[in-house]
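Quick look at upload_29.csv (CSV, C-alpha atoms):
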```csv
chain,number,residue,atom,x,y,z
A,1,MET,CA,0.0,0.0,0.0
A,2,GLY,CA,1.6,3.3,-1.2
A,3,ARG,CA,1.7,6.2,1.2
A,4,LEU,CA,3.0,9.7,0.9
A,5,PRO,CA,6.2,10.5,2.8
A,6,GLY,CA,5.7,12.2,6.2
A,7,LEU,CA,7.6,13.1,9.4
A,8,SER,CA,9.1,10.3,11.4
A,9,VAL,CA,7.7,9.4,14.7
A,10,ARG,CA,11.0,10.3,16.4
A,11,LEU,CA,10.8,13.8,14.9
A,12,LYS,CA,7.2,14.2,15.9
A,13,LEU,CA,8.0,13.2,19.5
A,14,THR,CA,11.0,15.6,19.5
A,15,LEU,CA,8.8,18.5,18.4
A,16,SER,CA,6.2,17.5,20.9
A,17,TYR,CA,8.7,17.5,23.8
A,18,ALA,CA,10.2,20.8,22.7
A,19,GLY,CA,6.7,22.3,22.2
A,20,PHE,CA,5.7,21.1,25.6
A,21,LEU,CA,8.8,22.7,27.2
A,22,MET,CA,8.1,26.0,25.3
A,23,VAL,CA,4.5,26.1,26.5
A,24,ALA,CA,5.6,25.3,30.1
A,25,GLY,CA,8.3,28.0,29.9
A,26,PHE,CA,5.8,30.6,28.6
A,27,LEU,CA,3.4,29.7,31.4
A,28,MET,CA,6.1,29.9,34.0
A,29,LEU,CA,7.4,33.2,32.8
A,30,GLY,CA,3.9,34.6,32.3
A,31,ALA,CA,3.0,33.5,35.8
A,32,ALA,CA,6.1,35.2,37.2
A,33,TRP,CA,5.3,38.4,35.4
A,34,LEU,CA,1.6,38.5,36.3
A,35,THR,CA,2.5,37.8,40.0
A,36,GLY,CA,3.9,41.3,40.4
A,37,ARG,CA,1.1,43.2,38.7
A,38,PRO,CA,-1.0,45.7,40.7
A,39,GLY,CA,-3.5,43.8,42.9
A,40,ALA,CA,-1.7,40.6,42.7
A,41,SER,CA,-0.2,38.9,45.8
A,42,PRO,CA,2.4,38.0,46.8
A,43,ASP,CA,4.4,40.9,45.3
A,44,PHE,CA,7.2,38.7,43.9
A,45,LEU,CA,9.0,40.5,41.1
A,46,LEU,CA,8.3,44.1,42.1
A,47,GLN,CA,8.9,44.0,45.8
A,48,TYR,CA,12.4,45.6,45.2
A,49,VAL,CA,11.3,48.1,42.5
A,50,PRO,CA,9.9,51.5,43.6
A,51,ASP,CA,6.4,52.4,42.4
A,52,ALA,CA,7.4,55.9,41.3
A,53,VAL,CA,10.1,57.5,39.2
A,54,ILE,CA,13.5,57.6,40.9
A,55,SER,CA,15.6,60.7,40.6
A,56,THR,CA,19.3,60.1,40.1
A,57,LEU,CA,22.3,62.2,39.2
A,58,GLY,CA,21.3,64.0,36.0
A,59,ALA,CA,18.6,61.5,35.0
A,60,LEU,CA,15.3,59.9,36.0
A,61,VAL,CA,14.9,56.1,36.3
A,62,PRO,CA,11.6,54.9,34.8
A,63,GLY,CA,8.9,53.5,37.1
A,64,ASN,CA,8.4,49.8,37.8
A,65,ARG,CA,6.6,48.6,34.7
A,66,ALA,CA,8.9,50.0,32.1
A,67,PHE,CA,12.0,49.2,34.1
A,68,LEU,CA,10.8,45.6,34.7
A,69,LEU,CA,9.9,45.1,31.1
A,70,ARG,CA,13.3,46.2,29.9
A,71,ALA,CA,15.1,44.0,32.5
A,72,TYR,CA,12.8,41.0,32.3
A,73,ALA,CA,12.1,40.6,28.5
A,74,PRO,CA,15.7,39.7,27.5
A,75,ALA,CA,16.1,37.2,30.3
A,76,ALA,CA,12.8,35.6,29.4
A,77,ALA,CA,13.8,35.4,25.7
A,78,ILE,CA,17.1,33.7,26.7
A,79,ALA,CA,15.4,31.3,28.9
A,80,LEU,CA,12.9,30.4,26.2
A,81,ALA,CA,15.6,29.9,23.6
A,82,PHE,CA,17.5,27.6,26.0
A,83,LEU,CA,14.3,25.7,26.7
A,84,LEU,CA,13.7,25.3,22.9
A,85,LEU,CA,17.3,24.0,22.3
A,86,PHE,CA,17.1,21.8,25.4
A,87,GLY,CA,13.8,20.4,24.3
A,88,LEU,CA,14.9,19.6,20.7
A,89,VAL,CA,18.2,17.9,21.7
A,90,GLY,CA,16.8,16.2,24.8
A,91,GLY,CA,13.6,15.2,23.0
A,92,TRP,CA,15.6,13.7,20.1
A,93,ILE,CA,17.7,11.6,22.5
A,94,LEU,CA,14.7,10.5,24.6
A,95,ALA,CA,12.6,9.7,21.5
A,96,GLY,CA,15.4,7.6,20.1
A,97,ARG,CA,15.7,5.6,23.4
A,98,MET,CA,12.0,5.2,23.7
A,99,LEU,CA,11.6,4.0,20.0
A,100,ALA,CA,14.6,1.7,20.0
A,101,PRO,CA,12.4,-1.4,20.8
A,102,LEU,CA,10.0,-0.4,18.1
A,103,ILE,CA,12.9,-0.3,15.6
A,104,ARG,CA,13.9,-3.8,16.6
A,105,ILE,CA,10.3,-5.0,16.1
A,106,THR,CA,10.1,-3.3,12.7
A,107,ASP,CA,13.4,-5.0,11.6
A,108,ALA,CA,12.0,-8.4,12.8
A,109,THR,CA,8.8,-7.7,10.8
A,110,ARG,CA,10.8,-7.0,7.7
A,111,LEU,CA,12.8,-10.3,8.1
A,112,ALA,CA,9.5,-12.2,8.6
A,113,THR,CA,8.1,-10.6,5.5
A,114,ASN,CA,11.1,-11.8,3.5
A,115,GLY,CA,10.5,-15.3,4.7
A,116,SER,CA,12.9,-15.5,7.8
A,117,LEU,CA,10.6,-17.0,10.4
A,118,SER,CA,13.4,-18.2,12.7
A,119,HIS,CA,14.3,-14.7,13.9
A,120,ARG,CA,13.2,-13.7,17.3
A,121,ILE,CA,13.3,-10.2,19.0
A,122,HIS,CA,14.0,-11.3,22.6
A,123,LEU,CA,13.6,-7.8,23.8
A,124,PRO,CA,15.2,-7.5,27.3
A,125,GLY,CA,14.0,-5.4,30.2
A,126,ARG,CA,10.9,-5.2,32.4
A,127,ARG,CA,7.4,-5.6,31.0
A,128,ASP,CA,5.9,-2.6,29.3
A,129,GLU,CA,3.8,-2.0,26.1
A,130,PHE,CA,6.7,-2.4,23.7
A,131,ARG,CA,8.0,-5.6,25.4
A,132,GLU,CA,4.5,-7.1,25.5
A,133,LEU,CA,4.3,-6.3,21.8
A,134,ALA,CA,7.7,-7.9,21.2
A,135,ASP,CA,6.8,-11.1,23.2
A,136,ALA,CA,3.5,-11.4,21.3
A,137,PHE,CA,5.3,-11.0,18.0
A,138,ASP,CA,7.9,-13.7,19.0
A,139,THR,CA,5.0,-16.0,20.0
A,140,MET,CA,3.3,-15.4,16.7
A,141,LEU,CA,6.5,-16.1,14.8
A,142,GLU,CA,7.1,-19.3,16.7
A,143,ARG,CA,3.6,-20.5,15.9
A,144,LEU,CA,3.8,-19.4,12.3
A,145,GLU,CA,7.1,-21.1,11.9
A,146,ALA,CA,5.7,-24.3,13.3
A,147,HIS,CA,2.6,-24.1,11.1
A,148,VAL,CA,4.6,-23.4,8.0
A,149,GLY,CA,6.9,-26.3,8.8
A,150,GLU,CA,3.9,-28.6,9.4
A,151,GLN,CA,2.3,-27.5,6.1
A,152,ARG,CA,5.5,-28.2,4.2
A,153,ARG,CA,5.8,-31.6,5.7
A,154,PHE,CA,2.2,-32.2,5.0
A,155,ALA,CA,2.6,-31.1,1.4
A,156,ALA,CA,5.6,-33.4,1.0
A,157,ASN,CA,3.9,-36.3,2.6
A,158,ALA,CA,0.7,-35.7,0.6
A,159,SER,CA,2.7,-35.6,-2.7
A,160,HIS,CA,4.4,-38.8,-1.8
A,161,GLU,CA,1.1,-40.5,-0.8
A,162,LEU,CA,-0.6,-39.4,-4.0
A,163,ARG,CA,2.4,-40.3,-6.2
A,164,THR,CA,2.4,-43.9,-4.9
A,165,PRO,CA,-0.9,-45.0,-6.4
A,166,LEU,CA,-0.3,-43.1,-9.6
A,167,THR,CA,3.1,-44.8,-10.0
A,168,ILE,CA,1.6,-48.2,-9.4
A,169,THR,CA,-1.2,-47.4,-11.9
A,170,GLN,CA,1.4,-46.4,-14.5
A,171,THR,CA,3.4,-49.6,-13.9
A,172,LEU,CA,0.3,-51.8,-14.3
A,173,LEU,CA,-0.7,-50.0,-17.5
A,174,ASP,CA,2.8,-50.4,-18.9
A,175,VAL,CA,2.8,-54.1,-18.1
A,176,ALA,CA,-0.7,-54.5,-19.7
A,177,ARG,CA,0.5,-52.7,-22.8
A,178,ASN,CA,3.6,-54.8,-23.1
A,179,ASP,CA,1.7,-58.1,-22.5
A,180,PRO,CA,-1.6,-58.0,-24.3
A,181,ASN,CA,-2.4,-61.6,-23.4
A,182,ARG,CA,-2.3,-60.8,-19.6
A,183,ASP,CA,-5.5,-61.5,-17.7
A,184,SER,CA,-7.5,-58.2,-17.9
A,185,GLY,CA,-9.7,-59.1,-15.0
A,186,GLU,CA,-6.8,-59.1,-12.5
A,187,LEU,CA,-5.6,-55.8,-13.9
A,188,VAL,CA,-9.0,-54.2,-13.5
A,189,ASP,CA,-9.3,-55.4,-9.9
A,190,ARG,CA,-5.9,-54.0,-9.0
A,191,LEU,CA,-6.6,-50.7,-10.7
A,192,HIS,CA,-9.9,-50.4,-9.0
A,193,SER,CA,-8.3,-51.0,-5.6
A,194,ILE,CA,-5.6,-48.4,-6.2
A,195,ASN,CA,-8.1,-45.9,-7.6
A,196,THR,CA,-10.4,-46.4,-4.5
A,197,ARG,CA,-7.4,-45.7,-2.2
A,198,ALA,CA,-6.5,-42.6,-4.2
A,199,ILE,CA,-10.1,-41.3,-4.0
A,200,GLY,CA,-10.2,-41.9,-0.3
A,201,LEU,CA,-6.9,-40.1,0.2
A,202,THR,CA,-8.1,-37.1,-1.9
A,203,GLU,CA,-11.4,-36.9,0.1
A,204,ALA,CA,-9.5,-37.1,3.3
A,205,LEU,CA,-7.3,-34.2,2.2
A,206,LEU,CA,-10.3,-32.1,1.2
A,207,LEU,CA,-12.0,-32.8,4.6
A,208,LEU,CA,-8.8,-31.9,6.4
A,209,SER,CA,-8.6,-28.6,4.5
A,210,ARG,CA,-12.2,-27.8,5.2
A,211,ALA,CA,-11.7,-28.4,8.9
A,212,ASP,CA,-8.6,-26.2,9.0
A,213,GLN,CA,-10.4,-23.3,7.2
A,214,ARG,CA,-13.4,-23.6,9.7
A,215,SER,CA,-15.7,-23.1,6.7
A,216,PHE,CA,-18.8,-24.6,8.4
A,217,THR,CA,-22.0,-23.5,10.1
A,218,ARG,CA,-22.4,-24.0,13.8
A,219,ALA,CA,-25.4,-25.5,15.4
A,220,HIS,CA,-26.4,-27.4,18.6
A,221,VAL,CA,-25.1,-31.0,18.5
A,222,ASP,CA,-25.5,-33.8,20.9
A,223,LEU,CA,-22.4,-35.9,21.1
A,224,SER,CA,-24.3,-38.9,22.5
A,225,LEU,CA,-26.5,-39.1,19.4
A,226,ILE,CA,-23.5,-38.7,17.2
A,227,ALA,CA,-21.7,-41.5,19.1
A,228,GLU,CA,-24.7,-43.8,18.6
A,229,GLU,CA,-24.9,-43.0,14.9
A,230,ALA,CA,-21.2,-43.7,14.3
A,231,THR,CA,-21.2,-47.0,16.2
A,232,GLU,CA,-24.3,-48.2,14.4
A,233,THR,CA,-22.6,-47.5,11.1
A,234,LEU,CA,-19.4,-49.3,12.0
A,235,LEU,CA,-21.0,-52.2,13.9
A,236,PRO,CA,-20.8,-54.6,10.9
A,237,VAL,CA,-17.1,-53.9,10.6
A,238,ALA,CA,-16.6,-54.6,14.3
A,239,GLU,CA,-18.7,-57.8,14.2
A,240,ALA,CA,-16.7,-59.0,11.2
A,241,ARG,CA,-13.6,-58.7,13.2
A,242,GLY,CA,-15.1,-60.4,16.3
A,243,LEU,CA,-15.1,-57.2,18.4
A,244,THR,CA,-17.6,-55.8,20.9
A,245,VAL,CA,-18.6,-52.2,20.8
A,246,GLU,CA,-20.1,-50.7,23.9
A,247,THR,CA,-21.8,-47.2,23.9
A,248,SER,CA,-22.8,-45.4,27.0
A,249,GLY,CA,-23.0,-41.9,28.5
A,250,ASP,CA,-25.2,-38.9,29.0
A,251,MET,CA,-26.4,-36.2,26.7
A,252,ALA,CA,-23.4,-33.9,25.9
A,253,SER,CA,-24.4,-30.8,24.0
A,254,THR,CA,-21.9,-28.7,22.1
A,255,THR,CA,-22.0,-26.3,19.1
A,256,GLY,CA,-20.5,-27.1,15.7
A,257,SER,CA,-20.9,-28.9,12.4
A,258,HIS,CA,-22.9,-32.1,12.7
A,259,ALA,CA,-21.2,-33.6,9.6
A,260,LEU,CA,-17.6,-32.8,10.9
A,261,LEU,CA,-18.3,-34.0,14.4
A,262,LEU,CA,-19.8,-37.2,13.0
A,263,GLN,CA,-16.7,-37.7,10.8
A,264,MET,CA,-14.5,-37.1,13.9
A,265,THR,CA,-16.4,-39.7,15.9
A,266,THR,CA,-16.5,-42.2,13.0
A,267,ASN,CA,-12.7,-41.8,12.5
A,268,LEU,CA,-12.1,-42.5,16.2
A,269,VAL,CA,-14.4,-45.5,16.4
A,270,HIS,CA,-13.0,-46.9,13.1
A,271,ASN,CA,-9.5,-46.4,14.3
A,272,ALA,CA,-10.4,-48.2,17.6
A,273,ILE,CA,-11.8,-51.1,15.6
A,274,VAL,CA,-9.0,-51.5,13.1
A,275,HIS,CA,-6.1,-51.2,15.6
A,276,ASN,CA,-7.5,-53.7,18.1
A,277,LEU,CA,-6.8,-57.3,19.2
A,278,PRO,CA,-7.1,-60.0,16.5
A,279,GLU,CA,-10.1,-61.4,18.4
A,280,GLN,CA,-12.2,-60.9,21.6
A,281,GLY,CA,-11.4,-57.2,21.5
A,282,THR,CA,-13.6,-54.4,22.8
A,283,VAL,CA,-14.3,-50.7,21.9
A,284,TRP,CA,-15.8,-48.4,24.5
A,285,VAL,CA,-17.5,-45.2,23.3
A,286,MET,CA,-18.6,-42.9,26.1
A,287,THR,CA,-20.0,-39.3,26.4
A,288,SER,CA,-20.1,-37.2,29.6
A,289,VAL,CA,-20.4,-33.6,30.7
A,290,ARG,CA,-17.9,-31.6,32.6
A,291,PRO,CA,-18.1,-28.0,33.8
A,292,GLU,CA,-18.2,-25.9,30.6
A,293,ALA,CA,-17.3,-28.9,28.4
A,294,ALA,CA,-18.8,-31.8,26.5
A,295,VAL,CA,-16.6,-35.0,26.5
A,296,LEU,CA,-16.3,-37.8,24.1
A,297,THR,CA,-14.1,-40.8,25.0
A,298,VAL,CA,-13.2,-43.7,22.8
A,299,GLU,CA,-11.1,-46.6,24.2
A,300,ASN,CA,-10.0,-49.8,22.7
A,301,THR,CA,-8.1,-52.9,23.6
A,302,GLY,CA,-5.0,-53.7,21.6
A,303,GLU,CA,-1.2,-53.9,21.8
A,304,THR,CA,0.7,-51.9,24.4
A,305,LEU,CA,1.7,-48.6,22.9
A,306,ALA,CA,4.8,-46.5,23.8
A,307,PRO,CA,4.1,-42.9,24.8
A,308,GLU,CA,6.5,-41.7,22.2
A,309,LEU,CA,4.5,-43.4,19.5
A,310,VAL,CA,1.2,-42.1,20.8
A,311,SER,CA,2.4,-38.5,20.6
A,312,THR,CA,3.0,-38.8,16.9
A,313,LEU,CA,-0.3,-40.4,15.8
A,314,VAL,CA,-2.1,-37.2,15.3
A,315,GLU,CA,0.5,-36.0,12.7
A,316,PRO,CA,-0.6,-36.4,9.0
A,317,PHE,CA,0.5,-39.8,7.5
A,318,GLN,CA,2.0,-41.0,10.8
A,319,ARG,CA,0.5,-44.4,11.2
A,320,GLY,CA,3.0,-45.9,13.5
A,321,THR,CA,4.6,-49.1,12.3
A,322,GLU,CA,3.4,-51.1,15.2
A,323,ARG,CA,-0.2,-50.2,14.5
A,324,ILE,CA,-0.4,-50.9,10.8
A,325,ARG,CA,-2.6,-53.9,10.0
A,326,ALA,CA,-1.9,-55.7,6.8
A,327,ASP,CA,-5.6,-55.8,5.9
A,328,HIS,CA,-6.1,-52.1,6.5
A,329,ALA,CA,-3.2,-49.7,6.5
A,330,GLY,CA,-5.4,-46.6,6.0
A,331,VAL,CA,-4.2,-43.4,4.5
A,332,GLY,CA,-2.6,-42.0,7.6
A,333,LEU,CA,-5.0,-39.1,8.0
A,334,GLY,CA,-7.7,-40.4,10.4
A,335,LEU,CA,-6.4,-38.9,13.6
A,336,ALA,CA,-5.0,-35.9,11.8
A,337,ILE,CA,-8.5,-35.1,10.6
A,338,VAL,CA,-9.8,-35.7,14.2
A,339,LYS,CA,-7.2,-33.2,15.5
A,340,SER,CA,-8.2,-30.6,12.9
A,341,ILE,CA,-11.9,-31.0,13.6
A,342,VAL,CA,-11.3,-30.7,17.3
A,343,GLN,CA,-9.2,-27.6,16.9
A,344,ALA,CA,-11.7,-26.0,14.5
A,345,HIS,CA,-14.4,-26.5,17.3
A,346,ASP,CA,-12.1,-24.9,19.9
A,347,GLY,CA,-11.6,-28.2,21.7
A,348,THR,CA,-8.8,-30.3,23.0
A,349,LEU,CA,-7.7,-33.8,22.0
A,350,THR,CA,-5.8,-36.1,24.3
A,351,LEU,CA,-4.3,-39.5,23.4
A,352,THR,CA,-3.3,-41.8,26.3
A,353,PRO,CA,-2.0,-45.4,26.0
A,354,ARG,CA,-3.9,-47.8,28.2
A,355,PRO,CA,-1.8,-49.8,30.7
A,356,ALA,CA,-3.5,-53.0,29.6
A,357,GLY,CA,-2.9,-52.2,26.0
A,358,GLY,CA,-4.7,-50.1,23.4
A,359,LEU,CA,-5.5,-46.5,23.3
A,360,ARG,CA,-7.8,-44.0,25.1
A,361,VAL,CA,-8.8,-40.9,23.1
A,362,THR,CA,-10.5,-38.0,24.9
A,363,VAL,CA,-12.2,-35.1,23.1
A,364,LEU,CA,-13.2,-32.0,25.1
A,365,LEU,CA,-15.5,-29.5,23.3
A,366,PRO,CA,-17.0,-26.3,24.7
A,367,ALA,CA,-20.4,-27.0,26.1
A,368,ALA,CA,-23.4,-25.5,24.3
A,369,PRO,CA,-24.8,-22.4,26.0
A,370,HIS,CA,-28.0,-23.0,27.9
A,371,THR,CA,-31.1,-21.5,26.1
A,372,ASP,CA,-34.3,-20.7,27.9
A,373,THR,CA,-37.3,-22.4,26.3
```
Please express what this file holds, its structure, as structure tokens.
Amino acid sequence: MGRLPGLSVRLKLTLSYAGFLMVAGFLMLGAAWLTGRPGASPDFLLQYVPDAVISTLGALVPGNRAFLLRAYAPAAAIALAFLLLFGLVGGWILAGRMLAPLIRITDATRLATNGSLSHRIHLPGRRDEFRELADAFDTMLERLEAHVGEQRRFAANASHELRTPLTITQTLLDVARNDPNRDSGELVDRLHSINTRAIGLTEALLLLSRADQRSFTRAHVDLSLIAEEATETLLPVAEARGLTVETSGDMASTTGSHALLLQMTTNLVHNAIVHNLPEQGTVWVMTSVRPEAAVLTVENTGETLAPELVSTLVEPFQRGTERIRADHAGVGLGLAIVKSIVQAHDGTLTLTPRPAGGLRVTVLLPAAPHTDT
């Protein structure tokens, strides 16, 4: 945005300081002058000046007003000139010291604009307005750097994940072209499987982007009803794996997108079903209410998980080698989508390994405000 050149803030502050000193000097000198006027008390300036004309050798000395004006005006002018010079020099130095933190913040902003997000201001000293601004700017740079790094890793991982099915498809097509007598039915089945996985990955990426952008309409949602809907949808999958799904809890109202919260719950339940014991496993889906929060908890039996592994599961494409099942590796975005949906609804997501094996996932969302009916 183009702007016309103007005076610097330092010069404006300098002129303000000098102007303030000049006004204060005028008021001080004016008050000293007016103090000695007739009728004023105490008689400060004129107490040593006679009221009438003084006769001297060969001349007459003028009365108090003329004499005082001639004696007082030059001294007042010198004092005001000194105040002006002192105000300009002192104001320039003081303004420079006061604006030094702002200059550092401006330099850091220019570096960030040019793409250097690793720079920090680290402004020393006690807390004041400039230091609060610098600390807030450092925090913003830290979060922005982490976000940009995450986005770069996500873009690289997404490119790799999308390239894999395309490469396999290209290889299968090349083989089919070089071997016309090859069974086309097997080729079609493999291409269909690869294409289905690519579509699922693309849809997951779009859903993740939608959650990150918070482009949805908020409404009152009951997490207990969503939990029931998700478990009913995935019940055949659990039964096919010989798992038991238990749903319990109270009504837990929050505000948000029904579709996104249903996707979040479905991902959690599906993740609990897929990464479970080979047989006789259990999935628990529970809802509860806490002060100012609606809670959804999904637990599952399974293998013992290391805390270091659990902390990485919400990152995009981080499946965890110990948790990949040969029959369903997924696209690595299930919990990443859950994390984005929870953050888009101003909630918190907590993953905890169960001592007996498996995982406990807790979602806290802001409770819906009470409405009088």
Margin query: as a PyMOL selection string, please: the residues near range 163-174 of chain A (cut-off 8 Å, all atoms listed in the file, same-chain neighbours under 4 positions excluded).
Written below: chain A and resi 159+178+187+191+194-195+197-198
Check: Can you tell me, as a list of chain:residue names, what residues are no more than 8 Å from range 241-248 of chain A when counting all atoms listed in the file, ignoring any on the same chain fewer than 4 positions away?
Finding: A:Ala227, A:Glu228, A:Thr231, A:Leu235, A:Val237, A:Ile273, A:Pro278, A:Glu279, A:Gln280, A:Gly281, A:Thr282, A:Val283, A:Trp284, A:Val285, A:Met286, A:Thr287
Would you write out those residues with C-alpha atoms, as a JSON list (two decimals), in the coordinates of the input?
```json
[["chain", "number", "residue", "atom", "x", "y", "z"],
["A", 227, "ALA", "CA", -21.70, -41.50, 19.10],
["A", 228, "GLU", "CA", -24.70, -43.80, 18.60],
["A", 231, "THR", "CA", -21.20, -47.00, 16.20],
["A", 235, "LEU", "CA", -21.00, -52.20, 13.90],
["A", 237, "VAL", "CA", -17.10, -53.90, 10.60],
["A", 273, "ILE", "CA", -11.80, -51.10, 15.60],
["A", 278, "PRO", "CA", -7.10, -60.00, 16.50],
["A", 279, "GLU", "CA", -10.10, -61.40, 18.40],
["A", 280, "GLN", "CA", -12.20, -60.90, 21.60],
["A", 281, "GLY", "CA", -11.40, -57.20, 21.50],
["A", 282, "THR", "CA", -13.60, -54.40, 22.80],
["A", 283, "VAL", "CA", -14.30, -50.70, 21.90],
["A", 284, "TRP", "CA", -15.80, -48.40, 24.50],
["A", 285, "VAL", "CA", -17.50, -45.20, 23.30],
["A", 286, "MET", "CA", -18.60, -42.90, 26.10],
["A", 287, "THR", "CA", -20.00, -39.30, 26.40]]
```
Next item on the list: Find the distance between CA of Thr254 in chain A and CA of His220 in chain A and write it in Å to one decimal.
Entry: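 If I compute the distance from CA of Thr254 in chain A to CA of His220 in chain A, I get 5.8 Å.
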Check: Can you tell me, as an MDAnalysis selection string, what residues are no more than 8 Å from Ala294 in chain A when counting all atoms listed in the file, ignoring any on the same chain fewer than 3 positions away?
Finding: chainID A and resid 223 252:254 287:290 364:367
Note to self: Restricting the calculation to all atoms listed in the file: of A:Gly256, A:Leu117, A:Leu262, A:Pro355, which residue gets closest to Glu299 in chain A?
What the structure shows: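 For Glu299 in chain A, the nearest of the given residues is A:Pro355.
The coordinates place CA of Leu84 in chain A at 9.9 Å from CA of Val23 in chain A.
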Note to self: Please compute the CA of Arg190 in chain A-CA of Glu239 in chain A distance, one decimal, in Å.
What the structure shows: 26.8 Å
Check: Which of these, A:Thr217, A:Ser340, A:Thr14, A:Gln151, has the shortest distance to Leu85 in chain A once you count all atoms listed in the file?
Finding: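 For Leu85 in chain A, the nearest of the candidates is A:Thr14.
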Next item on the list: For Gly87 in chain A, please output as a PyMOL selection string all residues within 12 Å (counting only C-alpha atoms; exclusion window: fewer than 3 positions along the same chain).
Entry: chain A and resi 11+13-25+79-84+90-95
Notebook entry, point to check: Smallest atom-to-atom distance to Gly200 in chain A: which of A:Leu333, A:Leu111, A:Ser184, A:Ala176, using all atoms listed in the file?
Noted result: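 Selected residue with least distance to Gly200 in chain A: A:Leu333.
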Item checked: Pick from A:Val221, A:Ala134, A:Asn114, A:Ala76, whichever lies nearest to Ala100 in chain A using only C-alpha atoms ->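 Of the candidates, the smallest distance to Ala100 in chain A is held by A:Ala134.
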Check: In terms of the shortest atom-to-atom distance over all atoms listed in the file, which of A:Pro101, A:Glu232, A:Gly357, A:Arg10 is closest to Asp128 in chain A?
Finding: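 When distances to Asp128 in chain A are compared using all atoms listed in the file, the smallest one comes from A:Pro101.
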Residue completion, range 180-192 of chain A, N, CA, C and O atoms, as an mmCIF file, in the frame of the given file:
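Result file is out.cif:
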```
data_model
loop_
_atom_site.group_PDB
_atom_site.id
_atom_site.type_symbol
_atom_site.label_atom_id
_atom_site.label_comp_id
_atom_site.auth_asym_id
_atom_site.auth_seq_id
_atom_site.Cartn_x
_atom_site.Cartn_y
_atom_site.Cartn_z
ATOM 1 N N PRO A 180 -0.206 -58.014 -24.005
ATOM 2 C CA PRO A 180 -1.600 -58.000 -24.300
ATOM 3 C C PRO A 180 -2.377 -59.235 -23.887
ATOM 4 O O PRO A 180 -3.601 -59.188 -23.683
ATOM 5 N N ASN A 181 -1.686 -60.356 -23.748
ATOM 6 C CA ASN A 181 -2.400 -61.600 -23.400
ATOM 7 C C ASN A 181 -2.577 -61.743 -21.866
ATOM 8 O O ASN A 181 -3.111 -62.745 -21.407
ATOM 9 N N ARG A 182 -2.165 -60.752 -21.090
ATOM 10 C CA ARG A 182 -2.300 -60.800 -19.600
ATOM 11 C C ARG A 182 -3.791 -60.742 -19.264
ATOM 12 O O ARG A 182 -4.592 -60.091 -19.931
ATOM 13 N N ASP A 183 -4.160 -61.421 -18.180
ATOM 14 C CA ASP A 183 -5.500 -61.500 -17.700
ATOM 15 C C ASP A 183 -5.997 -60.038 -17.367
ATOM 16 O O ASP A 183 -5.477 -59.394 -16.452
ATOM 17 N N SER A 184 -6.983 -59.518 -18.105
ATOM 18 C CA SER A 184 -7.500 -58.200 -17.900
ATOM 19 C C SER A 184 -8.288 -58.051 -16.604
ATOM 20 O O SER A 184 -8.369 -56.981 -15.987
ATOM 21 N N GLY A 185 -8.914 -59.133 -16.171
ATOM 22 C CA GLY A 185 -9.700 -59.100 -15.000
ATOM 23 C C GLY A 185 -8.891 -58.747 -13.739
ATOM 24 O O GLY A 185 -9.267 -57.919 -12.893
ATOM 25 N N GLU A 186 -7.736 -59.380 -13.605
ATOM 26 C CA GLU A 186 -6.800 -59.100 -12.500
ATOM 27 C C GLU A 186 -6.355 -57.649 -12.534
ATOM 28 O O GLU A 186 -6.262 -56.961 -11.503
ATOM 29 N N LEU A 187 -6.058 -57.180 -13.758
ATOM 30 C CA LEU A 187 -5.600 -55.800 -13.900
ATOM 31 C C LEU A 187 -6.680 -54.817 -13.476
ATOM 32 O O LEU A 187 -6.401 -53.843 -12.771
ATOM 33 N N VAL A 188 -7.924 -55.071 -13.888
ATOM 34 C CA VAL A 188 -9.000 -54.200 -13.500
ATOM 35 C C VAL A 188 -9.226 -54.162 -12.009
ATOM 36 O O VAL A 188 -9.451 -53.092 -11.401
ATOM 37 N N ASP A 189 -9.137 -55.329 -11.367
ATOM 38 C CA ASP A 189 -9.300 -55.400 -9.900
ATOM 39 C C ASP A 189 -8.249 -54.581 -9.188
ATOM 40 O O ASP A 189 -8.536 -53.834 -8.249
ATOM 41 N N ARG A 190 -7.009 -54.722 -9.625
ATOM 42 C CA ARG A 190 -5.900 -54.000 -9.000
ATOM 43 C C ARG A 190 -6.038 -52.495 -9.219
ATOM 44 O O ARG A 190 -5.819 -51.685 -8.312
ATOM 45 N N LEU A 191 -6.395 -52.119 -10.442
ATOM 46 C CA LEU A 191 -6.600 -50.700 -10.700
ATOM 47 C C LEU A 191 -7.746 -50.116 -9.926
ATOM 48 O O LEU A 191 -7.675 -48.974 -9.447
ATOM 49 N N HIS A 192 -8.802 -50.911 -9.762
ATOM 50 C CA HIS A 192 -9.900 -50.400 -9.000
ATOM 51 C C HIS A 192 -9.551 -50.229 -7.522
ATOM 52 O O HIS A 192 -9.940 -49.233 -6.888
#
```
